[in-house]
Amino acid sequence: MTEIRFYHLTRRTLEEVLPVMLERTVVRDGRRAVVIASSSERVENLSAHLWTYDDRVFLPHGSKVDGHSALQPVWLTDQDENPNDARVLFLADGALTADPGAFDLVCELFDGRDAVAVTAARQRWQAYKDAGHDLTYWQQTDRGTWEQKATG
């Protein structure tokens, strides 16, 4: 079964957390990733952010605006797709996938300051659990680091 990790953002934003996670996935682990966000505007904002978030890091990525999806180590999209044959999926802004089993790892990132997002994440947790996936829940500490709080 697919490993699914829930990341409860309480201290830092998606824009602060996602680049670090993508660096670990692509640079350290040598894996490809897909990031599904809520809209095409959000995708393009994230793409622009990934080019500028750290002038010491180059994180290759693209979206439909850039094309050449098969060549992109990180593909940003607002569609449920995997055109770069990624093994890691990041779901942001409540985005969904119909086939989490197509990935080795799915990372659900949700805003813990948004009650609607928290409720939706709890519902997705239960659905994944019912489907038999390996679940872990991570929450940010006061220092912004991650602490594992639950498994399912």
# chains A, B, ... in the order shown; residues from 1 in each chain; ligands from 1
>>> residues_around(residues="Ser63 (chain A)", least_positions_apart="5", cutoff="9 Å", atoms="only C-alpha atoms", output="PyMOL selection string")
chain A and resi 43-44+47+68-69+72+74-77
>>> residues_around(residues="Trp138 (chain A)", least_positions_apart="6", cutoff="8 Å", atoms="only C-alpha atoms", output="list in words")
Arg5, Phe6, Tyr7, His8, Trp146, Glu147, Gln148, Lys149 and Ala150 of chain A
>>> write_last_selection(atoms="N, CA and C atoms", output="PDB file, in the first residue's frame")
ATOM      1  N   ARG A   5       1.352  10.581   4.162  1.00  0.00           N
ATOM      2  CA  ARG A   5       1.737  11.430   5.284  1.00  0.00           C
ATOM      3  C   ARG A   5       0.898  12.696   5.272  1.00  0.00           C
ATOM      4  N   PHE A   6       0.334  13.009   6.416  1.00  0.00           N
ATOM      5  CA  PHE A   6      -0.408  14.250   6.596  1.00  0.00           C
ATOM      6  C   PHE A   6       0.495  15.239   7.315  1.00  0.00           C
ATOM      7  N   TYR A   7       0.649  16.422   6.750  1.00  0.00           N
ATOM      8  CA  TYR A   7       1.458  17.479   7.339  1.00  0.00           C
ATOM      9  C   TYR A   7       0.549  18.641   7.712  1.00  0.00           C
ATOM     10  N   HIS A   8       0.391  18.832   9.019  1.00  0.00           N
ATOM     11  CA  HIS A   8      -0.490  19.841   9.599  1.00  0.00           C
ATOM     12  C   HIS A   8       0.325  21.118   9.786  1.00  0.00           C
ATOM     13  N   TRP A 146       9.101  19.129  12.509  1.00  0.00           N
ATOM     14  CA  TRP A 146       7.996  18.177  12.417  1.00  0.00           C
ATOM     15  C   TRP A 146       8.083  17.146  13.518  1.00  0.00           C
ATOM     16  N   GLU A 147       6.933  16.841  14.118  1.00  0.00           N
ATOM     17  CA  GLU A 147       6.836  15.797  15.128  1.00  0.00           C
ATOM     18  C   GLU A 147       5.710  14.844  14.718  1.00  0.00           C
ATOM     19  N   GLN A 148       6.042  13.553  14.688  1.00  0.00           N
ATOM     20  CA  GLN A 148       5.024  12.568  14.345  1.00  0.00           C
ATOM     21  C   GLN A 148       4.070  12.413  15.520  1.00  0.00           C
ATOM     22  N   LYS A 149       2.782  12.572  15.245  1.00  0.00           N
ATOM     23  CA  LYS A 149       1.774  12.544  16.297  1.00  0.00           C
ATOM     24  C   LYS A 149       0.882  11.309  16.260  1.00  0.00           C
ATOM     25  N   ALA A 150       0.756  10.686  15.082  1.00  0.00           N
ATOM     26  CA  ALA A 150      -0.147   9.538  14.983  1.00  0.00           C
ATOM     27  C   ALA A 150       0.205   8.687  13.778  1.00  0.00           C
TER      28      ALA A 150
END
>>> closest_residue(among="A:Leu9, A:Val106, A:Ala98, A:Ile4", to="Thr145 (chain A)", atoms="only C-alpha atoms")
A:Leu9
>>> closest_residue(among="A:Glu15, A:Asp99, A:Asp85, A:Asp55", to="His133 (chain A)", atoms="only C-alpha atoms")
A:Asp99
>>> closest_residue(among="A:Asp142, A:Pro73, A:Asn84, A:Val34", to="Pro100 (chain A)", atoms="only C-alpha atoms")
A:Val34
>>> residues_around(residues="region 16-22 of chain A", least_positions_apart="3", cutoff="9 Å", atoms="only C-alpha atoms", output="PyMOL selection string")
chain A and resi 9+12-13+25-27+32-33+49-50+53+59+74+90+109
>>> write_last_selection(atoms="C-alpha atoms", output="PDB file, in the first residue's frame")
ATOM      1  CA  LEU A   9       0.872  23.332   8.938  1.00  0.00           C
ATOM      2  CA  ARG A  12       4.874  27.874   8.565  1.00  0.00           C
ATOM      3  CA  THR A  13       3.093  28.305   5.250  1.00  0.00           C
ATOM      4  CA  THR A  25      12.561  14.426  -2.677  1.00  0.00           C
ATOM      5  CA  VAL A  26      14.431  15.469  -5.819  1.00  0.00           C
ATOM      6  CA  VAL A  27      17.946  16.400  -4.741  1.00  0.00           C
ATOM      7  CA  ARG A  32      10.358  12.779  -9.159  1.00  0.00           C
ATOM      8  CA  ALA A  33       7.354  14.583  -7.702  1.00  0.00           C
ATOM      9  CA  HIS A  49       8.169  30.995  -5.783  1.00  0.00           C
ATOM     10  CA  LEU A  50      10.241  27.858  -6.436  1.00  0.00           C
ATOM     11  CA  TYR A  53      12.812  31.098  -2.661  1.00  0.00           C
ATOM     12  CA  LEU A  59      15.067  23.174  -7.973  1.00  0.00           C
ATOM     13  CA  VAL A  74       8.852  18.343 -10.293  1.00  0.00           C
ATOM     14  CA  PHE A  90       2.176  16.410  -2.854  1.00  0.00           C
ATOM     15  CA  LEU A 109      -0.228  19.396   3.324  1.00  0.00           C
TER      16      LEU A 109
END
>>> closest_residue(among="A:Asp93, A:Asp29, A:Asp80, A:Asp130", to="Asp111 (chain A)", atoms="only C-alpha atoms")
A:Asp93
>>> select_by_dssp(residues="region 62-140 of chain A", states="helix (DSSP H, G or I)", output="list of chain:residue names")
A:Ser69, A:Ala70, A:Leu71, A:Pro100, A:Gly101, A:Ala102, A:Ala115, A:Val116, A:Ala117, A:Val118, A:Thr119, A:Ala120, A:Ala121, A:Arg122, A:Gln123, A:Arg124, A:Trp125, A:Gln126, A:Ala127, A:Tyr128, A:Lys129, A:Asp130
>>> atom_distance(atom1="CA of Ala95 (chain A)", atom2="CA of Gly152 (chain A)")
20.9 Å
>>> closest_atom_pairs(of="region 11-96 of chain A", to="region 124-127 of chain A", cutoff="12 Å", atoms="only C-alpha atoms", output="JSON lines")
{"residue": "A:Leu91", "atom": "CA", "partner": "A:Arg124", "partner_atom": "CA", "distance": 11.5}
{"residue": "A:Gly94", "atom": "CA", "partner": "A:Arg124", "partner_atom": "CA", "distance": 9.5}
{"residue": "A:Ala95", "atom": "CA", "partner": "A:Arg124", "partner_atom": "CA", "distance": 10.7}
{"residue": "A:Leu96", "atom": "CA", "partner": "A:Arg124", "partner_atom": "CA", "distance": 9.0}
>>> atom_distance(atom1="CA of Ser40 (chain A)", atom2="CA of Asp78 (chain A)")
5.7 Å
>>> closest_residue(among="A:Ala92, A:Leu105, A:Leu135, A:Ala121", to="Ile36 (chain A)", atoms="only C-alpha atoms")
A:Ala92
>>> select_by_dssp(residues="region 11-71 of chain A", states="strand (DSSP E)", output="number ranges by chain")
A: 33-36
>>> atom_distance(atom1="CA of Pro83 (chain A)", atom2="CA of Leu14 (chain A)")
22.9 Å
